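Structure, as structure tokens:
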Amino acid sequence: MAQTFSENNICIIANRSKTWFYDDLVKKMELGKNNVFWIVTGQPWLKVLKEAGYPDSNILYYEVTKTEKETDQSWLAELEQSMSMPIWQLIGTDRFLSKRTNHPDRFLNRVGKSIESFLIDNNIFKCFGETTWSVELLTYYIAKRASIQYLIPHTIRIPSERFAFFTDPFQSNFIRLGTNQHDWDITYLEMIEKMLNDGNIPRPNYWYINNKVPAVHLNYVSKFVRFLSEELFGQARTEYMDYTLLERIKNKTHIILNKYQIAELPFEVNFEATEQNRFALFTLHKQPEASIDVMGGVYTNQLALIEILSKLLPVNCTLLVKEHSNAIGDRGRDFYNSIISMKNVRIVDPWVNSHDLLKQIDIVFSVSGTIGMEASIMGKKAVLFCPTFFTKMPNVYFINDLTSIKKVLAAPCTDQRSELLEFYKDLIINSYEGLIGDPVCSPASMTEGNLELVSIAFKDVLTINQMESVTSG
């Protein structure tokens, strides 16, 4: 479908508290409010945008209804033909949608038609958003079919204070800056070289936000009381992408009980590899989370994947499984007991330093985790089940056929320092300094200094030609 783009019209898919971030960014960029359009999921964020002065005609607001009346899904069926992700898989990635409506497919059909008209009628040039929720993913595929670029600003992980504009849900490809390339930053080059020399890999900043050893004390009681107070007397939750009060009470209770129960599990802390006793490592993802529910494709059942991997390893190799420290309490004792019962698997204490573990293992398995980058930097092999951008690093493999693991295990792990430096040089040149965040999870992203950095990046991207920029990274 050919159309004429207005290079001034952009659309932002509002994702909860990131709405504040993008509104401040629009102000920093001095974009006219008439040229900025929004797709909004909840009443609180609709109110924020109206109070900020955006015209009603520039906001597409939709609600999820329990029962969807329209049964004709021909529009959605036609869109699905152009999608790499089937509609029911897309629905399965959304932790809330099926709870909010009896007919998630009919809902997407209704909302999708409105989104398509909204983008085309307003001559949208570029969309900015995430691909976490079903409507975000649907908008990505709608925009792609209409030749409208959908960009996903996201951290490049290591170093985490830089971000790139990714062009697909798997973060496989990012914008190539072309004539807008910034010079290779000598500071980052020195940091990368130091990292390679001393093996001191910086943790991503998002790792520190929730990565604290849980204190099972009365502190939990005070947090729970505060949470209830906020829910009962605070602003009502009127968007589908959030838990109801009852669900939040249930979830918080579940997490607290799990933390007590799993404290008694036989987690192991000491591992020393020998010629006769080798190790592989599987790192669990926090779930639900887009890093596995969206990026994982068919590999979202981590328990089943662990069992399969344990059976594919050589007889002298044991699979170590390490919980994500930010996910402690999310999974119950039965989940870990299932892992413990597997013959060729040992479960690692969540607080063991993963960098120390990498020194003892031959290979690491992860769906899309940053540990794949860390493994490459430390000269270890990594297998990912998502074709994300760092599968281009030395000794990192993307596989979608589990039978090919045997070949990867047999492949030599080579020292490819020059290739690693080239990877990072390309990554830094095609990324920007700055944090993409919100005032709740990342207050530093809301500072004037950070907004200035991010605004420079967005202005750059808005000048890049539509078709030239869609190039694999």
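For the structure tokens, the naming scheme is as follows: chains receive sequential letters (A, B, ...) according to their order of presentation, residues are indexed from 1 within each chain, and ligands are indexed from 1 in presentation order.
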Determine, counting only C-alpha atoms, which protein, DNA and RNA residues have an atom within 8 Å of an atom of Lys322 in chain A; residues of the same chain fewer than 3 positions away are not included. Present the result as a list of chain:residue names.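 My reading of the contact set: A:Leu281, A:Phe282, A:Thr283, A:Leu284, A:Ile347, A:Val348, A:Asp349, A:Pro350.
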Contact residues around range 23-40 of chain A with only C-alpha atoms at 7 Å, ignoring same-chain residues under 4 positions, as a ChimeraX atom specification: /A:8-14,19,45-46,54,58-62,451-452,455
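Distance-wise, CA of Val364 in chain A and CA of Thr131 in chain A end up 26.1 Å apart.
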Enter the distance from CA of Lys406 in chain A to CA of Asp293 in chain A, in Å, rounded to one decimal. 25.8 Å
Polymer residues at most 6 Å from Arg162 in chain A, only C-alpha atoms, same-chain spacing of 6 or more positions, as a PyMOL selection string: chain A and resi 155+432-434
